[in-house]
file protein17.txt (compact mmCIF, N, CA and C atoms)
# COMPACT_ATOMS: atom_id res chain seq x y z
N MET A 1 4.39 -10.89 -39.09
CA MET A 1 5.39 -10.28 -38.28
C MET A 1 6.41 -11.34 -37.91
N ALA A 2 7.66 -11.11 -38.18
CA ALA A 2 8.73 -12.07 -37.92
C ALA A 2 9.26 -11.89 -36.51
N SER A 3 9.70 -12.98 -35.94
CA SER A 3 10.27 -12.94 -34.60
C SER A 3 11.60 -13.67 -34.61
N ASN A 4 12.59 -13.10 -33.96
CA ASN A 4 13.90 -13.73 -33.94
C ASN A 4 14.01 -14.72 -32.77
N GLY A 5 12.92 -14.94 -32.04
CA GLY A 5 12.92 -15.90 -30.96
C GLY A 5 13.37 -15.34 -29.62
N ALA A 6 13.91 -14.13 -29.61
CA ALA A 6 14.36 -13.53 -28.35
C ALA A 6 13.15 -13.05 -27.56
N ARG A 7 13.16 -13.31 -26.28
CA ARG A 7 12.08 -12.86 -25.43
C ARG A 7 12.58 -11.76 -24.52
N ILE A 8 11.70 -10.83 -24.27
CA ILE A 8 12.02 -9.75 -23.35
C ILE A 8 11.61 -10.21 -21.96
N LYS A 9 12.54 -10.14 -21.03
CA LYS A 9 12.24 -10.54 -19.66
C LYS A 9 11.66 -9.34 -18.92
N VAL A 10 10.49 -9.53 -18.34
CA VAL A 10 9.83 -8.48 -17.60
C VAL A 10 10.29 -8.56 -16.16
N SER A 11 10.84 -7.48 -15.67
CA SER A 11 11.34 -7.44 -14.30
C SER A 11 10.20 -7.04 -13.37
N ARG A 12 9.98 -7.84 -12.35
CA ARG A 12 8.95 -7.54 -11.36
C ARG A 12 9.61 -7.24 -10.03
N GLU A 13 8.87 -6.56 -9.18
CA GLU A 13 9.37 -6.29 -7.84
C GLU A 13 9.51 -7.61 -7.09
N PRO A 14 10.54 -7.73 -6.28
CA PRO A 14 10.67 -8.96 -5.50
C PRO A 14 9.55 -9.03 -4.47
N ARG A 15 8.97 -10.21 -4.32
CA ARG A 15 7.89 -10.41 -3.36
C ARG A 15 8.35 -11.38 -2.30
N ARG A 16 7.86 -11.18 -1.12
CA ARG A 16 8.17 -12.09 -0.03
C ARG A 16 6.86 -12.65 0.50
N GLN A 17 6.72 -13.96 0.43
CA GLN A 17 5.53 -14.61 0.97
C GLN A 17 5.60 -14.59 2.49
N LEU A 18 4.56 -14.16 3.14
CA LEU A 18 4.55 -14.08 4.59
C LEU A 18 3.59 -15.08 5.23
N ASN A 19 2.85 -15.83 4.43
CA ASN A 19 1.95 -16.87 4.92
C ASN A 19 1.03 -16.38 6.04
N ASN A 20 0.32 -15.33 5.76
CA ASN A 20 -0.68 -14.78 6.68
C ASN A 20 -0.10 -14.34 8.02
N ARG A 21 1.03 -13.70 7.97
CA ARG A 21 1.67 -13.16 9.17
C ARG A 21 0.81 -12.04 9.76
N ALA A 22 0.66 -12.05 11.05
CA ALA A 22 -0.16 -11.04 11.72
C ALA A 22 0.46 -9.65 11.58
N ALA A 23 -0.38 -8.67 11.34
CA ALA A 23 0.02 -7.27 11.26
C ALA A 23 -1.17 -6.45 11.75
N TRP A 24 -1.02 -5.14 11.77
CA TRP A 24 -2.09 -4.27 12.27
C TRP A 24 -2.31 -3.12 11.32
N ILE A 25 -3.57 -2.78 11.13
CA ILE A 25 -3.91 -1.64 10.28
C ILE A 25 -4.55 -0.57 11.16
N THR A 26 -4.25 0.66 10.83
CA THR A 26 -4.78 1.81 11.56
C THR A 26 -5.52 2.70 10.57
N VAL A 27 -6.75 3.04 10.91
CA VAL A 27 -7.54 3.94 10.07
C VAL A 27 -8.03 5.11 10.92
N ASP A 28 -8.64 6.06 10.28
CA ASP A 28 -9.20 7.24 10.97
C ASP A 28 -8.13 7.97 11.77
N ASP A 29 -6.96 8.20 11.16
CA ASP A 29 -5.87 8.93 11.80
C ASP A 29 -5.50 8.35 13.17
N GLY A 30 -5.49 7.03 13.27
CA GLY A 30 -5.07 6.38 14.49
C GLY A 30 -6.18 6.06 15.46
N ALA A 31 -7.42 6.44 15.14
CA ALA A 31 -8.53 6.21 16.05
C ALA A 31 -8.93 4.74 16.11
N THR A 32 -8.76 3.99 15.03
CA THR A 32 -9.18 2.60 14.97
C THR A 32 -8.00 1.74 14.54
N GLU A 33 -7.69 0.71 15.35
CA GLU A 33 -6.63 -0.22 15.00
C GLU A 33 -7.21 -1.62 15.02
N SER A 34 -6.84 -2.43 14.02
CA SER A 34 -7.37 -3.78 13.91
C SER A 34 -6.31 -4.72 13.37
N GLU A 35 -6.41 -5.97 13.73
CA GLU A 35 -5.46 -6.96 13.24
C GLU A 35 -5.83 -7.39 11.83
N CYS A 36 -4.80 -7.71 11.04
CA CYS A 36 -4.99 -8.23 9.70
C CYS A 36 -3.91 -9.28 9.47
N ALA A 37 -3.93 -9.90 8.30
CA ALA A 37 -2.91 -10.88 7.95
C ALA A 37 -2.26 -10.45 6.65
N VAL A 38 -0.93 -10.40 6.62
CA VAL A 38 -0.19 -10.03 5.41
C VAL A 38 0.12 -11.32 4.64
N VAL A 39 -0.39 -11.40 3.41
CA VAL A 39 -0.18 -12.57 2.57
C VAL A 39 1.17 -12.47 1.88
N ASP A 40 1.44 -11.33 1.25
CA ASP A 40 2.76 -11.08 0.67
C ASP A 40 3.03 -9.59 0.66
N ILE A 41 4.30 -9.27 0.46
CA ILE A 41 4.72 -7.88 0.55
C ILE A 41 5.85 -7.65 -0.44
N SER A 42 5.93 -6.44 -0.98
CA SER A 42 7.00 -6.04 -1.89
C SER A 42 7.37 -4.61 -1.53
N PRO A 43 8.42 -4.06 -2.14
CA PRO A 43 8.77 -2.67 -1.85
C PRO A 43 7.66 -1.68 -2.19
N GLY A 44 6.77 -2.02 -3.12
CA GLY A 44 5.73 -1.09 -3.53
C GLY A 44 4.40 -1.25 -2.83
N GLY A 45 4.19 -2.37 -2.12
CA GLY A 45 2.90 -2.57 -1.48
C GLY A 45 2.78 -3.93 -0.83
N ALA A 46 1.55 -4.28 -0.48
CA ALA A 46 1.31 -5.54 0.22
C ALA A 46 -0.08 -6.06 -0.13
N LYS A 47 -0.26 -7.36 0.09
CA LYS A 47 -1.58 -7.98 -0.04
C LYS A 47 -1.97 -8.46 1.34
N ILE A 48 -3.15 -8.03 1.82
CA ILE A 48 -3.59 -8.38 3.17
C ILE A 48 -4.98 -8.99 3.13
N THR A 49 -5.33 -9.68 4.20
CA THR A 49 -6.71 -10.11 4.42
C THR A 49 -7.13 -9.56 5.78
N THR A 50 -8.41 -9.25 5.90
CA THR A 50 -8.93 -8.66 7.14
C THR A 50 -10.37 -9.09 7.33
N GLU A 51 -10.88 -8.88 8.52
CA GLU A 51 -12.25 -9.27 8.85
C GLU A 51 -13.28 -8.20 8.48
N PHE A 52 -12.85 -6.96 8.25
CA PHE A 52 -13.82 -5.94 7.88
C PHE A 52 -13.44 -5.35 6.53
N GLU A 53 -14.37 -4.63 5.94
CA GLU A 53 -14.20 -4.19 4.56
C GLU A 53 -13.77 -2.73 4.44
N PHE A 54 -12.96 -2.48 3.41
CA PHE A 54 -12.52 -1.15 3.03
C PHE A 54 -12.97 -0.90 1.61
N GLU A 55 -13.03 0.35 1.23
CA GLU A 55 -13.31 0.72 -0.15
C GLU A 55 -11.99 1.01 -0.86
N VAL A 56 -11.96 0.80 -2.16
CA VAL A 56 -10.81 1.19 -2.96
C VAL A 56 -10.63 2.69 -2.83
N LYS A 57 -9.42 3.15 -2.72
CA LYS A 57 -9.01 4.54 -2.52
C LYS A 57 -8.99 4.93 -1.04
N ASP A 58 -9.41 4.04 -0.15
CA ASP A 58 -9.30 4.33 1.28
C ASP A 58 -7.84 4.38 1.66
N ARG A 59 -7.52 5.22 2.64
CA ARG A 59 -6.15 5.33 3.16
C ARG A 59 -6.09 4.68 4.53
N LEU A 60 -4.97 4.04 4.83
CA LEU A 60 -4.75 3.43 6.12
C LEU A 60 -3.26 3.33 6.37
N ALA A 61 -2.89 2.88 7.55
CA ALA A 61 -1.48 2.67 7.88
C ALA A 61 -1.31 1.21 8.28
N LEU A 62 -0.21 0.61 7.84
CA LEU A 62 0.09 -0.79 8.11
C LEU A 62 1.29 -0.87 9.05
N THR A 63 1.13 -1.61 10.15
CA THR A 63 2.21 -1.85 11.10
C THR A 63 2.53 -3.33 11.06
N LEU A 64 3.79 -3.66 10.79
CA LEU A 64 4.17 -5.06 10.61
C LEU A 64 4.58 -5.76 11.90
N LEU A 65 5.05 -5.01 12.89
CA LEU A 65 5.48 -5.59 14.15
C LEU A 65 4.69 -4.97 15.30
N ALA A 66 4.21 -5.81 16.21
CA ALA A 66 3.34 -5.33 17.29
C ALA A 66 4.02 -4.29 18.17
N ASP A 67 5.30 -4.48 18.46
CA ASP A 67 5.98 -3.56 19.37
C ASP A 67 6.79 -2.50 18.64
N HIS A 68 6.47 -2.28 17.39
CA HIS A 68 7.22 -1.32 16.58
C HIS A 68 6.30 -0.16 16.21
N ALA A 69 6.77 1.05 16.37
CA ALA A 69 5.94 2.22 16.11
C ALA A 69 5.87 2.61 14.63
N LYS A 70 6.68 1.99 13.77
CA LYS A 70 6.73 2.36 12.36
C LYS A 70 5.44 1.96 11.67
N ARG A 71 4.76 2.94 11.11
CA ARG A 71 3.54 2.72 10.34
C ARG A 71 3.79 3.10 8.90
N TYR A 72 3.37 2.26 7.99
CA TYR A 72 3.54 2.51 6.56
C TYR A 72 2.22 3.02 5.99
N PRO A 73 2.17 4.28 5.52
CA PRO A 73 0.94 4.78 4.93
C PRO A 73 0.63 4.05 3.63
N CYS A 74 -0.63 3.66 3.46
CA CYS A 74 -1.05 2.86 2.30
C CYS A 74 -2.35 3.38 1.72
N GLU A 75 -2.58 2.98 0.49
CA GLU A 75 -3.85 3.24 -0.18
C GLU A 75 -4.36 1.91 -0.71
N VAL A 76 -5.65 1.63 -0.54
CA VAL A 76 -6.24 0.41 -1.08
C VAL A 76 -6.40 0.60 -2.58
N VAL A 77 -5.78 -0.29 -3.39
CA VAL A 77 -5.86 -0.14 -4.85
C VAL A 77 -6.74 -1.21 -5.49
N TRP A 78 -6.98 -2.32 -4.82
CA TRP A 78 -7.93 -3.31 -5.31
C TRP A 78 -8.43 -4.14 -4.14
N ARG A 79 -9.57 -4.80 -4.37
CA ARG A 79 -10.11 -5.69 -3.35
C ARG A 79 -10.85 -6.83 -4.01
N ARG A 80 -10.76 -7.97 -3.38
CA ARG A 80 -11.50 -9.17 -3.77
C ARG A 80 -12.03 -9.79 -2.49
N GLY A 81 -13.28 -9.51 -2.18
CA GLY A 81 -13.84 -9.97 -0.91
C GLY A 81 -13.16 -9.23 0.22
N LYS A 82 -12.52 -9.99 1.13
CA LYS A 82 -11.81 -9.38 2.25
C LYS A 82 -10.30 -9.48 2.07
N THR A 83 -9.86 -9.60 0.83
CA THR A 83 -8.45 -9.55 0.48
C THR A 83 -8.21 -8.25 -0.27
N TYR A 84 -7.13 -7.54 0.12
CA TYR A 84 -6.89 -6.21 -0.42
C TYR A 84 -5.47 -6.06 -0.93
N GLY A 85 -5.32 -5.29 -1.99
CA GLY A 85 -4.02 -4.88 -2.48
C GLY A 85 -3.74 -3.47 -2.01
N LEU A 86 -2.63 -3.30 -1.32
CA LEU A 86 -2.25 -1.98 -0.80
C LEU A 86 -1.05 -1.44 -1.55
N LYS A 87 -1.03 -0.15 -1.79
CA LYS A 87 0.12 0.53 -2.37
C LYS A 87 0.68 1.42 -1.29
N PHE A 88 2.00 1.28 -1.04
CA PHE A 88 2.64 2.18 -0.08
C PHE A 88 2.72 3.56 -0.70
N VAL A 89 2.30 4.57 0.06
CA VAL A 89 2.33 5.94 -0.44
C VAL A 89 3.31 6.76 0.39
N THR A 90 3.89 7.74 -0.26
CA THR A 90 4.81 8.64 0.44
C THR A 90 4.07 9.91 0.78
N ALA A 91 4.62 10.68 1.67
CA ALA A 91 4.00 11.95 2.04
C ALA A 91 3.91 12.81 0.80
N GLU A 92 2.78 13.45 0.64
CA GLU A 92 2.59 14.29 -0.54
C GLU A 92 3.43 15.54 -0.41
N ALA A 93 3.98 15.96 -1.53
CA ALA A 93 4.84 17.14 -1.55
C ALA A 93 4.01 18.39 -1.27
N GLU A 94 4.65 19.35 -0.66
CA GLU A 94 4.00 20.64 -0.40
C GLU A 94 3.72 21.32 -1.74
N PRO A 95 2.58 21.98 -1.88
CA PRO A 95 2.32 22.69 -3.14
C PRO A 95 3.33 23.82 -3.32
N VAL A 96 3.72 23.99 -4.56
CA VAL A 96 4.70 25.01 -4.88
C VAL A 96 3.98 26.33 -5.11
N GLU A 97 4.45 27.38 -4.44
CA GLU A 97 3.86 28.70 -4.61
C GLU A 97 4.25 29.24 -5.98
N PRO A 98 3.30 29.84 -6.71
CA PRO A 98 3.67 30.42 -8.00
C PRO A 98 4.62 31.60 -7.80
N ALA A 99 5.52 31.76 -8.72
CA ALA A 99 6.49 32.85 -8.62
C ALA A 99 5.76 34.18 -8.79
N ALA A 100 6.20 35.17 -8.05
CA ALA A 100 5.61 36.51 -8.16
C ALA A 100 5.96 37.09 -9.53
N GLU A 101 5.03 37.84 -10.07
CA GLU A 101 5.30 38.45 -11.38
C GLU A 101 6.30 39.58 -11.20
N PRO A 102 7.20 39.73 -12.17
CA PRO A 102 8.18 40.82 -12.07
C PRO A 102 7.48 42.18 -12.10
N ALA A 103 8.09 43.15 -11.48
CA ALA A 103 7.54 44.52 -11.45
C ALA A 103 7.41 45.04 -12.87
N GLY A 104 6.32 45.66 -13.17
CA GLY A 104 6.13 46.26 -14.49
C GLY A 104 5.42 45.33 -15.45
N ALA A 105 5.15 44.08 -15.06
CA ALA A 105 4.43 43.15 -15.96
C ALA A 105 2.95 43.45 -15.87
N THR A 106 2.23 43.35 -17.00
CA THR A 106 0.80 43.60 -16.98
C THR A 106 0.03 42.42 -17.40
call {"tool": "encode", "arguments": {"input": "protein17.txt", "output": "structure tokens"}}
result
Amino acid sequence: MASNGARIKVSREPRRQLNNRAAWITVDDGATESECAVVDISPGGAKITTEFEFEVKDRLALTLLADHAKRYPCEVVWRRGKTYGLKFVTAEAEPVEPAAEPAGAT
């Protein structure tokens, strides 16, 4: 296979290193809140460390500022010990109702 020497540049999401900045995670629909550390963050998700364990596919909310009410809904997509990869998730769309069948259809 011949190559002309040109390389394809893979574009990645911009990441911001936060050096274990304190943040808070909320689970159980707000019943449990705990401190965590954000290692890095991008528009699509974040990498955090925490003192307790989550399972992959668990849902939680991430709050980046203590006095800020904005919570980012997340899903745990990977884990290595007590370090987790989170994916920011958006509200799921409402299910679409099937269209009614036209009169006279059998």
call {"tool": "atom_distance", "arguments": {"input": "protein17.txt", "atom1": "CA of Glu55 (chain A)", "atom2": "atom N of Asp40 (chain A)"}}
result
19.1 Å
call {"tool": "residues_around", "arguments": {"input": "protein17.txt", "residues": "Val89 (chain A)", "least_positions_apart": "5", "cutoff": "6.5 Å", "atoms": "all atoms listed in the file", "output": "list of chain:residue names"}}
result
A:Tyr72, A:Pro73, A:Cys74, A:Glu75
call {"tool": "atom_distance", "arguments": {"input": "protein17.txt", "atom1": "atom N of Asn19 (chain A)", "atom2": "atom N of Thr83 (chain A)"}}
result
14.6 Å
call {"tool": "atom_distance", "arguments": {"input": "protein17.txt", "atom1": "CA of Arg59 (chain A)", "atom2": "CA of Val27 (chain A)"}}
result
7.2 Å
call {"tool": "closest_residue", "arguments": {"input": "protein17.txt", "among": "A:Leu60, A:Phe54, A:Ala66, A:Ile8", "to": "Ala22 (chain A)", "atoms": "only C-alpha atoms"}}
result
A:Ala66
call {"tool": "closest_residue", "arguments": {"input": "protein17.txt", "among": "A:Ala61, A:Glu35, A:Ala6, A:Thr90", "to": "Thr49 (chain A)", "atoms": "only C-alpha atoms"}}
result
A:Glu35
call {"tool": "residues_around", "arguments": {"input": "protein17.txt", "residues": "region 76-78 of chain A", "least_positions_apart": "6", "cutoff": "6.5 Å", "atoms": "all atoms listed in the file", "output": "list in words"}}
result
Glu55, Val56, Lys57, Asp58, Arg59, Leu60, Tyr84, Gly85, Leu86 and Lys87 of chain A
call {"tool": "closest_residue", "arguments": {"input": "protein17.txt", "among": "A:Gly81, A:Ala37, A:Asn20, A:Ile25", "to": "Glu53 (chain A)", "atoms": "all atoms listed in the file"}}
result
A:Gly81
call {"tool": "build_atoms", "arguments": {"input": "protein17.txt", "residues": "region 63-80 of chain A", "atoms": "N, CA, C and O atoms", "output": "JSON list (two decimals), keeping the file's coordinate frame"}}
result
[["chain", "number", "residue", "atom", "x", "y", "z"],
["A", 63, "THR", "N", 1.13, -1.61, 10.15],
["A", 63, "THR", "CA", 2.21, -1.85, 11.10],
["A", 63, "THR", "C", 2.53, -3.33, 11.06],
["A", 63, "THR", "O", 1.64, -4.16, 11.26],
["A", 64, "LEU", "N", 3.79, -3.66, 10.79],
["A", 64, "LEU", "CA", 4.17, -5.06, 10.61],
["A", 64, "LEU", "C", 4.58, -5.76, 11.90],
["A", 64, "LEU", "O", 4.49, -6.97, 12.00],
["A", 65, "LEU", "N", 5.05, -5.01, 12.89],
["A", 65, "LEU", "CA", 5.48, -5.59, 14.15],
["A", 65, "LEU", "C", 4.69, -4.97, 15.30],
["A", 65, "LEU", "O", 4.55, -3.76, 15.37],
["A", 66, "ALA", "N", 4.21, -5.81, 16.21],
["A", 66, "ALA", "CA", 3.34, -5.33, 17.29],
["A", 66, "ALA", "C", 4.02, -4.29, 18.17],
["A", 66, "ALA", "O", 3.40, -3.33, 18.58],
["A", 67, "ASP", "N", 5.30, -4.48, 18.46],
["A", 67, "ASP", "CA", 5.98, -3.56, 19.37],
["A", 67, "ASP", "C", 6.79, -2.50, 18.64],
["A", 67, "ASP", "O", 7.68, -1.89, 19.21],
["A", 68, "HIS", "N", 6.47, -2.28, 17.39],
["A", 68, "HIS", "CA", 7.22, -1.32, 16.58],
["A", 68, "HIS", "C", 6.30, -0.16, 16.21],
["A", 68, "HIS", "O", 5.18, -0.37, 15.79],
["A", 69, "ALA", "N", 6.77, 1.05, 16.37],
["A", 69, "ALA", "CA", 5.94, 2.22, 16.11],
["A", 69, "ALA", "C", 5.87, 2.61, 14.63],
["A", 69, "ALA", "O", 5.10, 3.48, 14.27],
["A", 70, "LYS", "N", 6.68, 1.99, 13.77],
["A", 70, "LYS", "CA", 6.73, 2.36, 12.36],
["A", 70, "LYS", "C", 5.44, 1.96, 11.67],
["A", 70, "LYS", "O", 5.05, 0.80, 11.67],
["A", 71, "ARG", "N", 4.76, 2.94, 11.11],
["A", 71, "ARG", "CA", 3.54, 2.72, 10.34],
["A", 71, "ARG", "C", 3.79, 3.10, 8.90],
["A", 71, "ARG", "O", 4.35, 4.16, 8.64],
["A", 72, "TYR", "N", 3.37, 2.26, 7.99],
["A", 72, "TYR", "CA", 3.54, 2.51, 6.56],
["A", 72, "TYR", "C", 2.22, 3.02, 5.99],
["A", 72, "TYR", "O", 1.23, 2.28, 5.98],
["A", 73, "PRO", "N", 2.17, 4.28, 5.52],
["A", 73, "PRO", "CA", 0.94, 4.78, 4.93],
["A", 73, "PRO", "C", 0.63, 4.05, 3.63],
["A", 73, "PRO", "O", 1.52, 3.80, 2.82],
["A", 74, "CYS", "N", -0.63, 3.66, 3.46],
["A", 74, "CYS", "CA", -1.05, 2.86, 2.30],
["A", 74, "CYS", "C", -2.35, 3.38, 1.72],
["A", 74, "CYS", "O", -3.11, 4.08, 2.38],
["A", 75, "GLU", "N", -2.58, 2.98, 0.49],
["A", 75, "GLU", "CA", -3.85, 3.24, -0.18],
["A", 75, "GLU", "C", -4.36, 1.91, -0.71],
["A", 75, "GLU", "O", -3.59, 1.13, -1.27],
["A", 76, "VAL", "N", -5.65, 1.63, -0.54],
["A", 76, "VAL", "CA", -6.24, 0.41, -1.08],
["A", 76, "VAL", "C", -6.40, 0.60, -2.58],
["A", 76, "VAL", "O", -7.06, 1.53, -3.02],
["A", 77, "VAL", "N", -5.78, -0.29, -3.39],
["A", 77, "VAL", "CA", -5.86, -0.14, -4.85],
["A", 77, "VAL", "C", -6.74, -1.21, -5.49],
["A", 77, "VAL", "O", -7.19, -1.03, -6.62],
["A", 78, "TRP", "N", -6.98, -2.32, -4.82],
["A", 78, "TRP", "CA", -7.93, -3.31, -5.31],
["A", 78, "TRP", "C", -8.43, -4.14, -4.14],
["A", 78, "TRP", "O", -7.83, -4.16, -3.08],
["A", 79, "ARG", "N", -9.57, -4.80, -4.37],
["A", 79, "ARG", "CA", -10.11, -5.69, -3.35],
["A", 79, "ARG", "C", -10.85, -6.83, -4.01],
["A", 79, "ARG", "O", -11.45, -6.68, -5.06],
["A", 80, "ARG", "N", -10.76, -7.97, -3.38],
["A", 80, "ARG", "CA", -11.50, -9.17, -3.77],
["A", 80, "ARG", "C", -12.03, -9.79, -2.49],
["A", 80, "ARG", "O", -11.29, -10.45, -1.78]]
